[in-house]
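The block underneath contains the structure these notes are about, expressed in structure tokens.
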Amino acid sequence: MKAKINILTLLLSSTIFCSANAATISAAPLVSVPSHENFFNSIKALCHKAFAGQVTVDNASGGGFSNKKLIMHIRKCSDERLEIPFHVGDDASRTWIITKTGSGLSLKHDHRHQDGSYDESTMYGGHTNDAGWAQVQSFPADEYSKQLFVKSGIPQSVGNTWQMFVYPEKFSYRLIRQGREFRVDFDLTQAVQTPDAPWGYSDK
């Protein structure tokens with residue numbers, strides 16, 4: 001009888017130990033400061049909608065965006081990642097990807113060919129290095145992008161900083177570096193028809 005009680009006690013103790021351990025096993029939290037969180041959530045709130053835009057600043061000659069229909073589509077959203085295709089006329093090669101990293105926010109440019117294959121210059125972008133604001137975040141070029149730009153023969157782009165602005169009635173995408181500024185403003189007051197999936201992605 002005593003042996004049975006000891007075995008029962010041992011089994012009960014093992015169960016309690018396992019349950020206690022199971023309760024403490026969890027993934028590390030993905031932390032974020034309030035300004036990054038609010039900025040991310042302001043864009044996420046627009047998920048599955050598309051908006052028309054226009055170039056408002058471009059100090060480079062022969063800009064390839066002039067007289068073309070510009071559409072941003074907040075296409076896919078999770079708690080950690082936003083995918084935003086940027087359609088330029090019939091060119092669906094560009095998708096902006098904003099990701100929470102635990103150290104801030106990352107902005108990447110996924111560039112594809114029409115067959116879905118990766119462009120040689122893809123996934124360049126930057127990472128926040130300060131808190132920014134709930135409405136504005138800046139993404140200075142990261143090391144991968146700097147090395148890619150030098151390899152691609154455009155070393156002047158290592159000084160790129162991308163900025164995104166989100167306000168109740170307007171979203172802006174801006175590129176700046178010494179001697180260069182480009183900006184597109186999108187009207188958030190009126191959604192437009194969502195376009196097809198960008199190159200390399202699927203609606204299925």
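In the structure tokens, chains take the letters A, B, ... in the order shown, each chain's residues start at 1, and ligands count up from 1 in the order shown.
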
| said: Which residues are close to region 113-117 of chain A, i.e. within 10 Å by only C-alpha atoms, leaving aside same-chain residues fewer than 6 positions away? Reply as a ChimeraX atom specification. | reply: /A:91-94,198-202

Can you tell me which residues surround Ala141 (chain A) at a distance of at most 9 Å, considering only C-alpha atoms, apart from same-chain residues fewer than 6 positions away, and format the answer as an mmCIF file with C-alpha atoms, in the first residue's frame?
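Result went into selection.cif, see below:
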data_model
loop_
_atom_site.group_PDB
_atom_site.id
_atom_site.type_symbol
_atom_site.label_atom_id
_atom_site.label_comp_id
_atom_site.auth_asym_id
_atom_site.auth_seq_id
_atom_site.Cartn_x
_atom_site.Cartn_y
_atom_site.Cartn_z
ATOM 1 C CA TYR A 124 17.072 47.085 -50.824
ATOM 2 C CA GLY A 125 15.809 49.469 -48.188
ATOM 3 C CA GLY A 126 16.536 50.623 -44.683
ATOM 4 C CA HIS A 127 15.773 50.427 -40.989
ATOM 5 C CA SER A 157 22.505 55.805 -53.548
ATOM 6 C CA VAL A 158 24.325 54.668 -50.391
ATOM 7 C CA GLY A 159 23.088 57.930 -48.857
ATOM 8 C CA ASN A 160 19.437 57.088 -49.509
ATOM 9 C CA THR A 161 16.860 57.619 -46.814
ATOM 10 C CA TRP A 162 13.282 56.589 -47.460
#

| request: Could you tell me which of A:Gly89, A:Gly179, A:Asp185, A:Trp133 comes closest to Gly64 (chain A) if we count only C-alpha atoms? | output: A:Gly89

| said: What does the structure give for the distance between CA of Trp96 (chain A) and CA of His111 (chain A), in Å to one decimal? | reply: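 We find that CA of Trp96 (chain A) and CA of His111 (chain A) lie 8.9 Å from each other.
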
| said: So that I can see what lies close to region 71-85 of chain A, please list as a list in words the residues with an atom at most 7 Å from it, counting only C-alpha atoms and leaving out residues fewer than 6 positions away in the same chain. | reply: Lys44, Leu46, Cys47, His48, Lys49, Ala50, Phe51, Ala52, Gly53, Arg94, Thr95, Trp96, Ile97, Ile98, Thr99, Lys100, Thr194 and Pro198 of chain A

Could you save those same residues with N, CA and C atoms as a PDB file, in the first residue's frame?
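Written out: part38.pdb:
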ATOM      1  N   LYS A  44      -1.775  49.553 -41.281  1.00  0.00           N
ATOM      2  CA  LYS A  44      -2.510  48.283 -41.234  1.00  0.00           C
ATOM      3  C   LYS A  44      -4.020  48.504 -41.285  1.00  0.00           C
ATOM      4  N   LEU A  46      -5.579  50.342 -43.088  1.00  0.00           N
ATOM      5  CA  LEU A  46      -5.995  50.551 -44.480  1.00  0.00           C
ATOM      6  C   LEU A  46      -5.925  49.259 -45.295  1.00  0.00           C
ATOM      7  N   CYS A  47      -5.707  48.146 -44.626  1.00  0.00           N
ATOM      8  CA  CYS A  47      -5.459  46.886 -45.333  1.00  0.00           C
ATOM      9  C   CYS A  47      -6.603  46.539 -46.292  1.00  0.00           C
ATOM     10  N   HIS A  48      -6.213  45.973 -47.441  1.00  0.00           N
ATOM     11  CA  HIS A  48      -7.107  45.523 -48.510  1.00  0.00           C
ATOM     12  C   HIS A  48      -7.700  46.682 -49.309  1.00  0.00           C
ATOM     13  N   LYS A  49      -7.181  47.886 -49.100  1.00  0.00           N
ATOM     14  CA  LYS A  49      -7.637  49.029 -49.883  1.00  0.00           C
ATOM     15  C   LYS A  49      -6.507  49.529 -50.786  1.00  0.00           C
ATOM     16  N   ALA A  50      -6.893  50.223 -51.845  1.00  0.00           N
ATOM     17  CA  ALA A  50      -5.925  50.794 -52.781  1.00  0.00           C
ATOM     18  C   ALA A  50      -6.235  52.274 -52.971  1.00  0.00           C
ATOM     19  N   PHE A  51      -5.168  53.050 -53.248  1.00  0.00           N
ATOM     20  CA  PHE A  51      -5.324  54.497 -53.363  1.00  0.00           C
ATOM     21  C   PHE A  51      -4.462  55.019 -54.515  1.00  0.00           C
ATOM     22  N   ALA A  52      -4.971  56.041 -55.178  1.00  0.00           N
ATOM     23  CA  ALA A  52      -4.255  56.656 -56.289  1.00  0.00           C
ATOM     24  C   ALA A  52      -3.342  57.758 -55.777  1.00  0.00           C
ATOM     25  N   GLY A  53      -2.224  57.943 -56.491  1.00  0.00           N
ATOM     26  CA  GLY A  53      -1.267  58.963 -56.083  1.00  0.00           C
ATOM     27  C   GLY A  53      -0.730  59.732 -57.259  1.00  0.00           C
ATOM     28  N   ARG A  94       7.009  46.393 -58.236  1.00  0.00           N
ATOM     29  CA  ARG A  94       7.451  46.922 -56.941  1.00  0.00           C
ATOM     30  C   ARG A  94       6.487  46.562 -55.807  1.00  0.00           C
ATOM     31  N   THR A  95       7.045  46.065 -54.712  1.00  0.00           N
ATOM     32  CA  THR A  95       6.263  45.853 -53.484  1.00  0.00           C
ATOM     33  C   THR A  95       7.071  46.361 -52.300  1.00  0.00           C
ATOM     34  N   TRP A  96       6.472  47.280 -51.552  1.00  0.00           N
ATOM     35  CA  TRP A  96       7.098  47.737 -50.301  1.00  0.00           C
ATOM     36  C   TRP A  96       6.742  46.750 -49.196  1.00  0.00           C
ATOM     37  N   ILE A  97       7.720  46.402 -48.395  1.00  0.00           N
ATOM     38  CA  ILE A  97       7.490  45.487 -47.281  1.00  0.00           C
ATOM     39  C   ILE A  97       7.964  46.156 -45.997  1.00  0.00           C
ATOM     40  N   ILE A  98       7.043  46.378 -45.080  1.00  0.00           N
ATOM     41  CA  ILE A  98       7.353  46.965 -43.772  1.00  0.00           C
ATOM     42  C   ILE A  98       7.255  45.859 -42.733  1.00  0.00           C
ATOM     43  N   THR A  99       8.315  45.697 -41.951  1.00  0.00           N
ATOM     44  CA  THR A  99       8.378  44.594 -41.000  1.00  0.00           C
ATOM     45  C   THR A  99       8.818  45.093 -39.632  1.00  0.00           C
ATOM     46  N   LYS A 100       8.149  44.615 -38.595  1.00  0.00           N
ATOM     47  CA  LYS A 100       8.628  44.844 -37.229  1.00  0.00           C
ATOM     48  C   LYS A 100       9.806  43.911 -36.975  1.00  0.00           C
ATOM     49  N   THR A 194      -8.959  47.795 -56.390  1.00  0.00           N
ATOM     50  CA  THR A 194      -7.696  47.112 -56.094  1.00  0.00           C
ATOM     51  C   THR A 194      -7.163  46.456 -57.356  1.00  0.00           C
ATOM     52  N   PRO A 198       0.816  41.882 -57.598  1.00  0.00           N
ATOM     53  CA  PRO A 198       2.051  42.323 -58.243  1.00  0.00           C
ATOM     54  C   PRO A 198       2.837  41.123 -58.776  1.00  0.00           C
TER      55      PRO A 198
END

| query | Mind pulling up the distance from CA of Pro155 (chain A) to CA of Gln137 (chain A)? | reply | 23.8 Å

| query | Of the residues A:Phe186, A:Tyr167, A:Tyr173, A:Phe39, which is the one nearest to Asp58 (chain A), using only C-alpha atoms? | reply |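 The answer is A:Tyr173, which sits nearest to Asp58 (chain A).
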
| said: Between CA of Met123 (chain A) and CA of Ala45 (chain A), what is the distance in Å, rounded to a tenth? | reply: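 Spanning CA of Met123 (chain A) to CA of Ala45 (chain A) is a straight-line distance of 24.4 Å.
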
| Which of region 66-131 of chain A counts as strand (DSSP E or B) under DSSP, as a PyMOL selection string please? | chain A and resi 70-73+76-77+81-88+91-100+105-112+118+124-127

| Counting only C-alpha atoms, what is within 10 Å of Phe182 (chain A), bar same-chain residues fewer than 2 positions away, as a PyMOL selection string? | chain A and resi 55-60+63+162+173-177+180+184

12 Å contact set for Ser121 (chain A), only C-alpha atoms, chain neighbours under 4 positions out, as a short mmCIF file (atom, residue, chain, number, x, y, z; two decimals) with N, CA and C atoms, in the first residue's frame:
data_model
loop_
_atom_site.label_atom_id
_atom_site.label_comp_id
_atom_site.auth_asym_id
_atom_site.auth_seq_id
_atom_site.Cartn_x
_atom_site.Cartn_y
_atom_site.Cartn_z
N SER A 93 6.09 45.70 -60.73
CA SER A 93 7.33 45.08 -60.27
C SER A 93 7.69 45.41 -58.83
N ARG A 94 7.01 46.39 -58.24
CA ARG A 94 7.45 46.92 -56.94
C ARG A 94 6.49 46.56 -55.81
N LYS A 108 11.65 47.34 -46.98
CA LYS A 108 12.33 46.70 -48.10
C LYS A 108 11.54 46.91 -49.38
N HIS A 109 12.26 46.91 -50.50
CA HIS A 109 11.66 47.04 -51.82
C HIS A 109 11.87 45.72 -52.57
N ASP A 110 10.80 44.96 -52.72
CA ASP A 110 10.85 43.70 -53.44
C ASP A 110 10.59 43.99 -54.92
N HIS A 111 11.65 43.86 -55.73
CA HIS A 111 11.54 44.13 -57.16
C HIS A 111 11.55 42.82 -57.93
N ARG A 112 10.59 42.65 -58.82
CA ARG A 112 10.46 41.42 -59.61
C ARG A 112 10.38 41.73 -61.10
N HIS A 113 10.71 40.71 -61.89
CA HIS A 113 10.44 40.77 -63.32
C HIS A 113 9.02 40.26 -63.55
N SER A 117 10.41 36.36 -61.40
CA SER A 117 11.79 36.19 -60.92
C SER A 117 12.28 37.49 -60.31
N GLY A 125 16.65 48.66 -49.07
CA GLY A 125 15.81 49.47 -48.19
C GLY A 125 16.58 49.91 -46.97
N TYR A 144 23.20 46.04 -46.39
CA TYR A 144 22.96 45.24 -47.59
C TYR A 144 22.71 46.14 -48.79
N SER A 145 21.88 47.16 -48.59
CA SER A 145 21.54 48.06 -49.68
C SER A 145 22.75 48.85 -50.16
N LYS A 146 23.56 49.33 -49.22
CA LYS A 146 24.75 50.10 -49.59
C LYS A 146 25.68 49.27 -50.46
N GLN A 147 25.92 48.03 -50.06
CA GLN A 147 26.80 47.16 -50.85
C GLN A 147 26.18 46.82 -52.20
N LEU A 148 24.85 46.64 -52.23
CA LEU A 148 24.17 46.39 -53.49
C LEU A 148 24.29 47.57 -54.43
N PHE A 149 24.13 48.79 -53.91
CA PHE A 149 24.22 49.97 -54.75
C PHE A 149 25.62 50.14 -55.34
N VAL A 150 26.65 49.89 -54.53
CA VAL A 150 28.02 50.00 -55.04
C VAL A 150 28.25 48.95 -56.12
N LYS A 151 27.80 47.73 -55.87
CA LYS A 151 27.95 46.64 -56.84
C LYS A 151 27.22 46.95 -58.13
N SER A 152 26.08 47.65 -58.02
CA SER A 152 25.26 47.96 -59.19
C SER A 152 25.70 49.20 -59.93
N GLY A 153 26.75 49.86 -59.43
CA GLY A 153 27.27 51.03 -60.12
C GLY A 153 26.55 52.32 -59.82
N ILE A 154 25.81 52.36 -58.70
CA ILE A 154 25.13 53.60 -58.30
C ILE A 154 25.53 53.95 -56.86
#

| query | Looking only at the backbone, which of the residues in region 33-90 of chain A does DSSP tag as helix (DSSP H, G or I), as a PyMOL selection string? | reply | chain A and resi 34-44
